[in-house]
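Enquirer: Data: run.cif, mmCIF, C-alpha atoms.
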data_data
#
loop_
_atom_site.label_atom_id
_atom_site.label_comp_id
_atom_site.auth_asym_id
_atom_site.auth_seq_id
_atom_site.Cartn_x
_atom_site.Cartn_y
_atom_site.Cartn_z
CA MET A 59 0.00 0.00 0.00
CA THR A 60 1.45 3.33 -1.02
CA ALA A 61 1.21 6.41 1.17
CA PRO A 62 -0.91 9.34 -0.10
CA HIS A 63 1.03 12.27 -1.52
CA ILE A 64 0.97 15.55 0.38
CA ARG A 65 1.69 18.48 -1.87
CA GLY A 66 4.95 20.23 -1.02
CA ARG A 67 6.07 17.65 1.53
CA GLY A 68 8.73 14.96 1.27
CA THR A 69 6.90 12.36 3.33
CA ALA A 70 3.25 11.47 3.76
CA THR A 71 3.42 9.66 7.11
CA ASN A 72 3.94 10.85 10.64
CA HIS A 73 4.61 7.80 12.77
CA SER A 74 5.71 8.65 16.30
CA GLY A 75 9.37 8.54 17.20
CA ARG A 76 10.99 5.37 18.53
CA PHE A 77 10.92 6.65 22.12
CA GLU A 78 7.15 7.10 22.19
CA LYS A 79 4.95 4.38 23.73
CA PHE A 80 2.04 4.84 21.34
CA ASP A 81 1.97 5.64 17.62
CA THR A 82 -0.11 8.52 16.33
CA VAL A 83 -2.29 7.37 13.46
CA ARG A 84 -5.46 8.62 11.80
CA CYS A 85 -8.50 6.47 12.52
CA ASP A 86 -12.12 6.28 11.35
CA ASP A 87 -14.43 8.15 13.71
CA GLY A 88 -17.56 6.57 12.23
CA TRP A 89 -19.05 9.71 10.75
CA ASP A 90 -18.02 8.90 7.17
CA ILE A 91 -17.72 12.56 6.19
CA ASP A 92 -15.94 13.25 2.92
CA GLU A 93 -13.96 16.42 3.60
CA ASP A 94 -10.69 17.86 2.45
CA ILE A 95 -7.69 17.68 4.74
CA PRO A 96 -6.52 21.23 5.53
CA PRO A 97 -3.09 22.27 4.24
CA LEU A 98 -0.21 21.20 6.45
CA ARG A 99 1.33 24.42 7.73
CA THR A 100 4.82 24.85 9.12
CA ASP A 101 5.01 25.54 12.85
CA VAL A 102 8.14 27.12 14.34
CA ARG A 103 8.80 27.13 18.06
CA ASP A 104 11.64 28.61 20.05
CA GLU A 105 14.19 26.72 22.11
CA PHE A 106 16.62 28.75 24.17
CA ALA A 107 19.95 26.95 23.92
CA ARG A 108 22.24 26.50 26.91
CA SER A 109 25.09 25.42 24.63
CA LEU A 110 25.54 25.60 20.88
CA ILE A 111 28.80 24.03 19.73
CA THR A 112 28.49 20.27 19.37
CA TYR A 113 31.71 18.24 19.37
CA ASN A 114 32.24 14.90 17.64
CA ARG A 115 35.04 12.34 17.33
CA SER A 116 33.89 10.65 14.14
CA PRO A 117 36.75 9.61 11.83
CA ASP A 118 34.27 9.92 8.93
CA LEU A 119 33.99 13.69 9.34
CA PRO A 120 36.58 16.35 8.44
CA PHE A 121 35.59 18.54 11.40
CA ASP A 122 35.27 18.04 15.15
CA ARG A 123 32.64 20.68 15.95
CA SER A 124 29.43 22.05 14.47
CA ILE A 125 26.52 24.38 15.15
CA ASN A 126 22.90 24.10 14.03
CA PRO A 127 20.58 27.10 14.43
CA TYR A 128 17.48 24.98 13.71
CA ARG A 129 16.08 21.54 14.48
CA GLY A 130 14.05 20.03 11.68
CA CYS A 131 14.15 21.27 8.09
CA GLU A 132 11.37 22.59 5.87
CA HIS A 133 13.19 21.57 2.69
CA GLY A 134 11.58 18.18 3.32
CA CYS A 135 14.23 16.01 1.63
CA VAL A 136 12.81 12.53 2.06
CA TYR A 137 16.26 10.94 2.31
CA CYS A 138 17.62 13.28 5.01
CA PHE A 139 19.78 11.33 7.46
CA ALA A 140 18.95 13.86 10.22
CA ARG A 141 15.26 12.93 10.41
CA PRO A 142 15.73 10.47 13.32
CA THR A 143 16.98 13.29 15.56
CA HIS A 144 13.42 14.60 15.82
CA ALA A 145 12.53 11.49 17.82
CA TYR A 146 14.63 12.87 20.69
CA LEU A 147 12.16 15.77 20.86
CA GLY A 148 9.15 13.46 21.11
CA LEU A 149 8.28 14.28 17.50
CA SER A 150 8.00 12.21 14.34
CA PRO A 151 10.95 11.90 11.95
CA GLY A 152 8.27 11.99 9.23
CA LEU A 153 6.07 15.01 8.66
CA ASP A 154 6.94 16.57 12.03
CA PHE A 155 10.58 16.87 10.95
CA GLU A 156 9.63 19.13 8.05
CA THR A 157 6.62 20.93 9.57
CA ARG A 158 7.36 21.30 13.30
CA LEU A 159 10.62 23.20 13.46
CA ILE A 160 12.64 24.39 16.42
CA ALA A 161 14.49 27.72 16.20
CA ARG A 162 17.23 28.74 18.63
CA PRO A 163 16.89 32.54 18.87
CA ASN A 164 19.73 32.98 21.39
CA ALA A 165 22.21 30.97 19.31
CA ALA A 166 24.46 33.91 18.49
CA GLU A 167 24.59 35.03 22.12
CA VAL A 168 25.53 31.53 23.31
CA LEU A 169 28.08 31.16 20.50
CA ARG A 170 29.78 34.41 21.51
CA SER A 171 30.00 33.20 25.08
CA GLU A 172 31.51 29.84 24.06
CA LEU A 173 34.10 31.42 21.77
CA SER A 174 35.02 33.90 24.50
CA ALA A 175 35.79 31.18 27.05
CA LYS A 176 39.46 31.12 28.08
CA GLY A 177 39.72 27.39 27.44
CA TYR A 178 38.34 27.52 23.90
CA LYS A 179 40.77 26.27 21.24
CA VAL A 180 40.03 27.34 17.69
CA ALA A 181 39.32 24.89 14.87
CA PRO A 182 36.93 25.20 11.91
CA ILE A 183 33.25 25.07 12.83
CA ALA A 184 30.83 23.31 10.49
CA LEU A 185 27.47 24.99 9.96
CA GLY A 186 24.58 23.02 8.52
CA THR A 187 25.76 19.49 9.26
CA ASN A 188 22.42 18.30 10.61
CA THR A 189 19.75 20.61 9.18
CA ASP A 190 20.06 23.35 6.57
CA PRO A 191 20.99 26.74 8.09
CA TYR A 192 19.46 28.45 5.05
CA GLN A 193 16.09 26.72 5.00
CA PRO A 194 13.08 29.05 4.37
CA VAL A 195 12.52 29.99 8.02
CA GLU A 196 15.92 31.73 8.08
CA LYS A 197 14.48 34.49 5.88
CA THR A 198 12.60 35.94 8.84
CA ARG A 199 14.48 34.54 11.84
CA LEU A 200 18.03 35.57 10.78
CA ILE A 201 19.63 33.23 13.32
CA THR A 202 22.21 31.90 10.88
CA ARG A 203 23.17 35.43 9.87
CA ASP A 204 23.56 36.45 13.51
CA CYS A 205 25.86 33.47 14.12
CA LEU A 206 27.93 34.39 11.04
CA SER A 207 28.32 37.93 12.38
CA VAL A 208 29.73 36.54 15.63
CA LEU A 209 32.15 34.26 13.76
CA GLN A 210 33.29 37.22 11.69
CA GLU A 211 33.95 39.25 14.85
CA PHE A 212 36.26 36.50 16.11
CA ASN A 213 37.87 35.79 12.71
CA HIS A 214 36.76 32.22 13.21
CA PRO A 215 37.06 29.69 10.33
CA ILE A 216 33.82 28.09 9.18
CA GLY A 217 32.55 25.58 6.64
CA ILE A 218 28.93 25.80 5.48
CA VAL A 219 26.77 23.12 3.88
CA THR A 220 23.48 24.16 2.30
CA LYS A 221 20.99 23.83 -0.53
CA GLY A 222 19.45 27.20 0.23
CA THR A 223 19.55 30.35 -1.87
CA LEU A 224 19.40 32.57 1.23
CA ILE A 225 23.16 32.21 1.55
CA GLU A 226 23.43 34.82 -1.22
CA ARG A 227 21.99 37.36 1.21
CA ASP A 228 25.00 36.97 3.48
CA LEU A 229 27.71 37.62 0.89
CA ASP A 230 28.50 40.88 2.68
CA ILE A 231 29.85 38.71 5.52
CA LEU A 232 31.05 35.68 3.59
CA ALA A 233 33.05 37.45 0.88
CA PRO A 234 35.38 39.34 3.29
CA MET A 235 35.82 36.16 5.36
CA ALA A 236 36.65 34.18 2.22
CA HIS A 237 39.25 36.80 1.28
CA GLN A 238 40.93 36.06 4.62
CA GLY A 239 40.80 32.30 4.08
CA LEU A 240 38.16 31.82 6.77
CA VAL A 241 35.21 30.28 4.93
CA ARG A 242 34.35 27.53 2.49
CA VAL A 243 30.88 26.50 1.28
CA GLY A 244 29.50 23.15 0.14
CA ILE A 245 26.42 23.14 -2.13
CA SER A 246 24.53 19.85 -2.23
CA LEU A 247 23.52 18.80 -5.76
CA THR A 248 21.60 15.54 -5.89
CA THR A 249 20.23 15.49 -9.42
CA LEU A 250 19.88 17.72 -12.49
CA ASP A 251 16.37 16.37 -13.09
CA ALA A 252 14.06 19.12 -11.83
CA GLY A 253 11.05 16.80 -11.63
CA LEU A 254 12.87 14.21 -9.56
CA SER A 255 14.32 16.91 -7.33
CA ARG A 256 10.87 18.36 -6.71
CA ARG A 257 9.58 14.97 -5.59
CA MET A 258 12.56 14.11 -3.37
CA GLU A 259 13.35 17.62 -2.09
CA PRO A 260 9.99 19.40 -2.39
CA ARG A 261 10.90 22.72 -0.78
CA ALA A 262 14.57 22.91 -1.67
CA PRO A 263 15.71 25.14 -4.56
CA SER A 264 15.76 23.56 -8.02
CA PRO A 265 19.02 22.10 -9.37
CA GLN A 266 19.50 25.03 -11.75
CA ARG A 267 18.94 27.51 -8.95
CA ARG A 268 21.59 25.78 -6.85
CA LEU A 269 24.04 26.05 -9.73
CA ALA A 270 23.21 29.76 -9.88
CA VAL A 271 24.09 29.99 -6.17
CA ILE A 272 27.47 28.44 -6.90
CA ARG A 273 28.06 31.02 -9.63
CA ARG A 274 27.07 33.86 -7.33
CA LEU A 275 29.28 32.69 -4.46
CA THR A 276 32.35 31.93 -6.54
CA GLY A 277 31.89 35.17 -8.45
CA ALA A 278 32.21 36.95 -5.10
CA GLY A 279 35.36 35.02 -4.23
CA VAL A 280 33.78 32.42 -1.92
CA PRO A 281 35.21 28.94 -2.63
CA VAL A 282 32.56 26.27 -3.22
CA ARG A 283 32.62 22.49 -3.15
CA VAL A 284 29.93 20.72 -5.20
CA MET A 285 28.60 17.89 -3.04
CA THR A 286 27.06 15.10 -5.12
CA SER A 287 25.16 13.73 -2.17
CA PRO A 288 23.43 11.48 -1.75
CA ILE A 289 24.14 9.24 -4.72
CA ILE A 290 21.17 6.90 -5.12
CA PRO A 291 21.90 3.60 -6.89
CA GLY A 292 19.55 2.95 -9.77
CA LEU A 293 18.06 6.44 -9.60
CA THR A 294 20.69 9.20 -9.71
CA ASP A 295 24.00 7.31 -9.98
CA HIS A 296 24.11 7.72 -13.77
CA GLU A 297 24.27 11.52 -13.26
CA LEU A 298 27.52 11.54 -11.25
CA GLU A 299 29.78 12.87 -14.01
CA HIS A 300 27.14 15.36 -15.20
CA LEU A 301 26.71 16.72 -11.67
CA LEU A 302 30.44 17.23 -11.26
CA GLU A 303 30.77 18.88 -14.65
CA ALA A 304 27.83 21.20 -13.97
CA GLY A 305 29.32 22.16 -10.61
CA ARG A 306 32.70 22.83 -12.19
CA ASP A 307 31.14 24.93 -14.95
CA ALA A 308 29.33 26.98 -12.28
CA GLY A 309 32.65 27.74 -10.58
CA ALA A 310 33.13 25.03 -7.94
CA ASP A 311 36.77 24.13 -7.35
CA ALA A 312 36.27 20.97 -5.27
CA ALA A 313 33.89 18.02 -5.02
CA SER A 314 32.75 15.21 -2.72
CA TRP A 315 30.25 12.36 -2.70
CA ILE A 316 28.28 10.30 -0.18
CA MET A 317 26.09 7.28 -0.82
CA LEU A 318 22.44 7.32 0.26
CA ARG A 319 22.19 6.61 3.99
CA LEU A 320 19.08 5.12 5.60
CA PRO A 321 19.53 5.26 9.39
CA ARG A 322 16.62 4.21 11.63
CA GLU A 323 13.28 5.70 10.53
CA VAL A 324 14.70 7.07 7.28
CA SER A 325 14.64 3.58 5.79
CA THR A 326 10.87 3.21 6.24
CA LEU A 327 10.18 6.72 4.96
CA TRP A 328 12.42 6.19 1.93
CA GLN A 329 10.80 2.88 1.02
CA GLU A 330 7.34 4.44 1.31
CA TRP A 331 8.50 7.20 -1.02
CA LEU A 332 9.81 4.64 -3.51
CA GLU A 333 6.51 2.74 -3.52
CA THR A 334 4.69 5.96 -4.36
CA ASN A 335 7.15 7.63 -6.73
CA GLU A 336 9.40 4.94 -8.24
CA PRO A 337 7.61 1.58 -7.78
CA ALA A 338 9.28 -0.02 -10.83
CA ARG A 339 12.77 0.78 -9.48
CA ALA A 340 12.15 0.23 -5.78
CA GLU A 341 13.36 -3.37 -5.60
CA LYS A 342 16.54 -2.66 -7.59
CA ILE A 343 17.41 0.40 -5.54
CA MET A 344 16.97 -1.35 -2.20
CA SER A 345 18.84 -4.43 -3.45
CA LYS A 346 21.88 -2.30 -4.35
CA LEU A 347 21.81 -0.50 -1.01
CA ARG A 348 21.62 -3.77 0.94
CA GLU A 349 24.42 -5.20 -1.17
CA MET A 350 26.64 -2.37 0.05
CA HIS A 351 25.63 -2.78 3.70
CA GLY A 352 26.01 -6.49 4.30
CA GLY A 353 22.37 -7.32 3.57
CA ARG A 354 20.98 -4.55 5.79
CA ASP A 355 19.33 -1.30 4.76
CA TYR A 356 22.15 0.57 6.51
CA ASP A 357 25.47 -0.16 8.16
CA PRO A 358 26.23 2.53 10.78
CA ARG A 359 29.85 1.53 11.33
CA TRP A 360 32.49 4.22 10.90
CA GLY A 361 34.32 3.80 7.65
CA HIS A 362 31.31 2.16 6.00
CA ARG A 363 28.23 4.33 6.60
CA MET A 364 29.13 7.10 4.15
CA ARG A 365 30.21 5.01 1.15
CA GLY A 366 29.18 1.39 1.67
CA GLN A 367 31.40 -1.45 0.47
CA GLY A 368 31.58 -4.02 -2.29
CA GLU A 369 31.82 -3.88 -6.08
CA TYR A 370 29.17 -1.23 -6.66
CA ALA A 371 30.57 1.15 -4.02
CA GLU A 372 34.06 0.67 -5.47
CA LEU A 373 32.75 1.41 -8.96
CA ILE A 374 31.22 4.71 -7.82
CA ALA A 375 34.47 5.63 -6.05
CA LYS A 376 36.47 4.94 -9.23
CA ARG A 377 34.08 6.93 -11.40
CA PHE A 378 34.28 9.85 -8.98
CA LYS A 379 38.08 9.74 -8.90
CA LEU A 380 38.33 9.76 -12.69
CA ALA A 381 35.72 12.51 -13.07
CA VAL A 382 37.26 14.95 -10.60
CA LYS A 383 40.60 14.49 -12.32
CA ARG A 384 39.05 15.12 -15.74
CA PHE A 385 37.21 18.25 -14.57
CA GLY A 386 40.09 19.61 -12.52
CA LEU A 387 38.24 19.45 -9.20
CA ALA A 388 40.03 19.02 -5.89
CA VAL A 389 39.06 16.51 -3.24
CA LYS A 390 41.27 17.84 -0.46
CA LEU A 391 41.91 21.55 -0.03
CA PRO A 392 44.29 23.58 2.14
CA PRO A 393 42.95 24.04 5.68
CA LEU A 394 41.06 27.16 6.64
CA ARG A 395 43.09 29.68 8.60
CA CYS A 396 43.00 29.46 12.38
CA ASP A 397 45.82 31.90 13.09
CA LEU A 398 43.60 34.96 12.71
CA PHE A 399 41.29 33.99 15.57
CA ALA A 400 41.04 36.70 18.22
CA ARG A 401 38.55 37.43 20.95
CA PRO A 402 37.17 40.96 20.50
CA ALA A 403 37.32 43.28 23.49
CA GLN A 404 34.35 42.85 25.80
CA ILE A 405 32.71 45.35 28.14
CA GLY A 406 34.51 45.08 31.45
CA ASP A 407 37.83 43.91 30.01
CA GLN A 408 40.86 45.54 31.58
CA LEU A 409 42.37 47.93 29.08
CA SER A 410 46.09 47.81 28.40
CA LEU A 411 47.96 50.84 29.74
CA LEU A 412 49.59 53.03 27.14
#
In structure tokens, what does this structure look like?

Expert:
Amino acid sequence: MTAPHIRGRGTATNHSGRFEKFDTVRCDDGWDIDEDIPPLRTDVRDEFARSLITYNRSPDLPFDRSINPYRGCEHGCVYCFARPTHAYLGLSPGLDFETRLIARPNAAEVLRSELSAKGYKVAPIALGTNTDPYQPVEKTRLITRDCLSVLQEFNHPIGIVTKGTLIERDLDILAPMAHQGLVRVGISLTTLDAGLSRRMEPRAPSPQRRLAVIRRLTGAGVPVRVMTSPIIPGLTDHELEHLLEAGRDAGADAASWIMLRLPREVSTLWQEWLETNEPARAEKIMSKLREMHGGRDYDPRWGHRMRGQGEYAELIAKRFKLAVKRFGLAVKLPPLRCDLFARPAQIGDQLSLL
């Protein structure tokens, strides 16, 4: 049984998170009234953070710390690996993840406090590792921009990952930071097929619009990595070289790739999406994914979760290696500068005597 499509949303189900005792499902109330379901609006609530910088020790990641101004993401990408985190809030990784968002309005204030701590040791901060910092809600909340302003004050290096066009708004901050070697941006490009993108990533910018963002950023001197992620076997894998070439032509100087990941509830949501949108390919796609993860939908082990293993995963890796060489794209880049970091003078600081 396929799930009904909800216009403008990546998923159509809203099963409760794994920590909840009971599942929330629609049931027949006996009245048999044929009525339209009202549009599913986005709800944004505030959470006042006590800390902002999250540290990790994953050998799979090129950074050890990150910040996320928002929980949940209205872009609604059905494949998003971050969906299961909504379960920790007592919410569904399904529709709740893309319609019940959490904003952290004091993020910039907390970030300033953490960077000002005497024991803080500078290293690049990743922004947008869990949910997109430039999702639509940022247009009015400006939390990401406020955090960028703080990072600029401290000359703090930062890497940003986004699909959002709102990043163009912040070029007045990003361009000067890029000139100092303090910022690098990754733009996620999943497919060049606008129709497929609309179904998988219903509220994210179109592929062509993302390429335009790359042009705008690189034209302003901000270095951009085109991120061909996730690669979906049997659905988008044939586009790998085209995605890299399009990113290069738009101005990107580096590239990366990650295979589709299906942790926890994402697997169920993804398979429901396949049954509705790609029923003829569903079996092949899942077969390839399981082949790369030892027969399971997903292997969470470090060193395996991002790329998988086996012949197919090795083939994608070889294709990527040949393509980046052909298009002159880098895989590894020089590190962002940390030597410029400085805590700005605060009210109450003892002034140096002249």

Enquirer: When distances are computed from only C-alpha atoms, which of A:Leu240, A:Leu153, A:Met258, A:Leu224 shows the smallest separation from Pro393 in chain A?

Expert: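 Closest to Pro393 in chain A, using only C-alpha atoms: A:Leu240.
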
Enquirer: As an exercise, work out the distance from CA of Pro163 in chain A to CA of Leu185 in chain A in Å and give it to one decimal place.

Expert: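 A separation of 15.8 Å between them.
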
Enquirer: Would you write out, as a PDB file with C-alpha atoms, in the frame of the given file, every residue that the PyMOL selection byres ((chain A and resi 270-282) around 12) captures in this file?

Expert:
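So selection.pdb came out as:
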ATOM      1  CA  ILE A 216      33.820  28.090   9.180  1.00  0.00           C
ATOM      2  CA  GLY A 217      32.550  25.580   6.640  1.00  0.00           C
ATOM      3  CA  ILE A 218      28.930  25.800   5.480  1.00  0.00           C
ATOM      4  CA  VAL A 219      26.770  23.120   3.880  1.00  0.00           C
ATOM      5  CA  THR A 220      23.480  24.160   2.300  1.00  0.00           C
ATOM      6  CA  LYS A 221      20.990  23.830  -0.530  1.00  0.00           C
ATOM      7  CA  GLY A 222      19.450  27.200   0.230  1.00  0.00           C
ATOM      8  CA  THR A 223      19.550  30.350  -1.870  1.00  0.00           C
ATOM      9  CA  LEU A 224      19.400  32.570   1.230  1.00  0.00           C
ATOM     10  CA  ILE A 225      23.160  32.210   1.550  1.00  0.00           C
ATOM     11  CA  GLU A 226      23.430  34.820  -1.220  1.00  0.00           C
ATOM     12  CA  ARG A 227      21.990  37.360   1.210  1.00  0.00           C
ATOM     13  CA  ASP A 228      25.000  36.970   3.480  1.00  0.00           C
ATOM     14  CA  LEU A 229      27.710  37.620   0.890  1.00  0.00           C
ATOM     15  CA  ASP A 230      28.500  40.880   2.680  1.00  0.00           C
ATOM     16  CA  ILE A 231      29.850  38.710   5.520  1.00  0.00           C
ATOM     17  CA  LEU A 232      31.050  35.680   3.590  1.00  0.00           C
ATOM     18  CA  ALA A 233      33.050  37.450   0.880  1.00  0.00           C
ATOM     19  CA  PRO A 234      35.380  39.340   3.290  1.00  0.00           C
ATOM     20  CA  MET A 235      35.820  36.160   5.360  1.00  0.00           C
ATOM     21  CA  ALA A 236      36.650  34.180   2.220  1.00  0.00           C
ATOM     22  CA  HIS A 237      39.250  36.800   1.280  1.00  0.00           C
ATOM     23  CA  GLN A 238      40.930  36.060   4.620  1.00  0.00           C
ATOM     24  CA  GLY A 239      40.800  32.300   4.080  1.00  0.00           C
ATOM     25  CA  LEU A 240      38.160  31.820   6.770  1.00  0.00           C
ATOM     26  CA  VAL A 241      35.210  30.280   4.930  1.00  0.00           C
ATOM     27  CA  ARG A 242      34.350  27.530   2.490  1.00  0.00           C
ATOM     28  CA  VAL A 243      30.880  26.500   1.280  1.00  0.00           C
ATOM     29  CA  GLY A 244      29.500  23.150   0.140  1.00  0.00           C
ATOM     30  CA  ILE A 245      26.420  23.140  -2.130  1.00  0.00           C
ATOM     31  CA  SER A 246      24.530  19.850  -2.230  1.00  0.00           C
ATOM     32  CA  LEU A 247      23.520  18.800  -5.760  1.00  0.00           C
ATOM     33  CA  PRO A 263      15.710  25.140  -4.560  1.00  0.00           C
ATOM     34  CA  SER A 264      15.760  23.560  -8.020  1.00  0.00           C
ATOM     35  CA  PRO A 265      19.020  22.100  -9.370  1.00  0.00           C
ATOM     36  CA  GLN A 266      19.500  25.030 -11.750  1.00  0.00           C
ATOM     37  CA  ARG A 267      18.940  27.510  -8.950  1.00  0.00           C
ATOM     38  CA  ARG A 268      21.590  25.780  -6.850  1.00  0.00           C
ATOM     39  CA  LEU A 269      24.040  26.050  -9.730  1.00  0.00           C
ATOM     40  CA  ARG A 283      32.620  22.490  -3.150  1.00  0.00           C
ATOM     41  CA  VAL A 284      29.930  20.720  -5.200  1.00  0.00           C
ATOM     42  CA  MET A 285      28.600  17.890  -3.040  1.00  0.00           C
ATOM     43  CA  ALA A 304      27.830  21.200 -13.970  1.00  0.00           C
ATOM     44  CA  GLY A 305      29.320  22.160 -10.610  1.00  0.00           C
ATOM     45  CA  ARG A 306      32.700  22.830 -12.190  1.00  0.00           C
ATOM     46  CA  ASP A 307      31.140  24.930 -14.950  1.00  0.00           C
ATOM     47  CA  ALA A 308      29.330  26.980 -12.280  1.00  0.00           C
ATOM     48  CA  GLY A 309      32.650  27.740 -10.580  1.00  0.00           C
ATOM     49  CA  ALA A 310      33.130  25.030  -7.940  1.00  0.00           C
ATOM     50  CA  ASP A 311      36.770  24.130  -7.350  1.00  0.00           C
ATOM     51  CA  ALA A 312      36.270  20.970  -5.270  1.00  0.00           C
ATOM     52  CA  ALA A 313      33.890  18.020  -5.020  1.00  0.00           C
ATOM     53  CA  SER A 314      32.750  15.210  -2.720  1.00  0.00           C
ATOM     54  CA  LEU A 387      38.240  19.450  -9.200  1.00  0.00           C
ATOM     55  CA  ALA A 388      40.030  19.020  -5.890  1.00  0.00           C
ATOM     56  CA  VAL A 389      39.060  16.510  -3.240  1.00  0.00           C
ATOM     57  CA  LEU A 391      41.910  21.550  -0.030  1.00  0.00           C
ATOM     58  CA  PRO A 392      44.290  23.580   2.140  1.00  0.00           C
ATOM     59  CA  LEU A 394      41.060  27.160   6.640  1.00  0.00           C
TER      60      LEU A 394
END

Enquirer: Nearest residue to Asp397 in chain A out of A:Gly152, A:Pro337, A:Pro215, A:Gly361, using all atoms listed in the file?

Expert: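 Checking each of A:Gly152, A:Pro337, A:Pro215, A:Gly361 against Asp397 in chain A, counting all atoms listed in the file, the winner is A:Pro215.
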
Enquirer: Which is closest to Leu301 in chain A among A:Phe378, A:Asn188, A:Arg401, A:Pro358, if we use all atoms listed in the file?

Expert: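 Using all atoms listed in the file, the shortest distance to Leu301 in chain A belongs to A:Phe378.
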
Enquirer: Here's the selection I'm unsure about, the PyMOL selection byres ((chain A and resi 291) around 9); applied to the file above, which residues does it give, as a list in words?

Expert: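 After applying the PyMOL selection byres ((chain A and resi 291) around 9), what remains is Ile289, Ile290, Gly292, Leu293, Thr294, Asp295, His296, Met317, Leu318, Lys342, Ile343, Met344, Lys346, Leu347 and Tyr370 of chain A.
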
Enquirer: For the file shown, report as a VMD selection string the outcome of the PyMOL selection byres ((chain A and resi 142) around 9) at residue level.

Expert: chain A and resid 75 to 76 138 to 141 143 to 146 150 to 152 155 321 to 324

Enquirer: Would you write out, as a Markdown table, a table of all residues in range 155-216 of chain A that have an atom no more than 12 Å from an atom of range 115-119 of chain A, listing for each the closest atom pair and the distance in Å to one decimal, considering only C-alpha atoms and ordering rows by chain and rising residue number?

Expert:
| residue | atom | partner | partner_atom | distance |
| --- | --- | --- | --- | --- |
| A:Ile183 | CA | A:Leu119 | CA | 11.9 |
| A:Ala184 | CA | A:Leu119 | CA | 10.2 |
| A:Thr187 | CA | A:Leu119 | CA | 10.1 |

Enquirer: With all atoms listed in the file as the basis for distance, which of A:Asn164, A:Ser207, A:Thr334, A:Thr248 is at the shortest distance from Glu105 in chain A?

Expert: A:Asn164

Enquirer: Which distance in Å separates CA of Ala400 in chain A and CA of Ile201 in chain A, to one decimal?

Expert: 22.2 Å

Enquirer: Here is a test: counting all atoms listed in the file, which residue of A:Gly148, A:Gly353, A:Gly368, A:Gly130 is nearest to Val195 in chain A?

Expert: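 Smallest separation from Val195 in chain A among the options: A:Gly130.
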
Enquirer: Go through A:Gln367, A:Ser255, A:Gln404, A:Ser174 and flag the residue nearest Tyr137 in chain A, using all atoms listed in the file for the distances.

Expert: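 Of A:Gln367, A:Ser255, A:Gln404, A:Ser174, the one nearest Tyr137 in chain A is A:Ser255, counting all atoms listed in the file.
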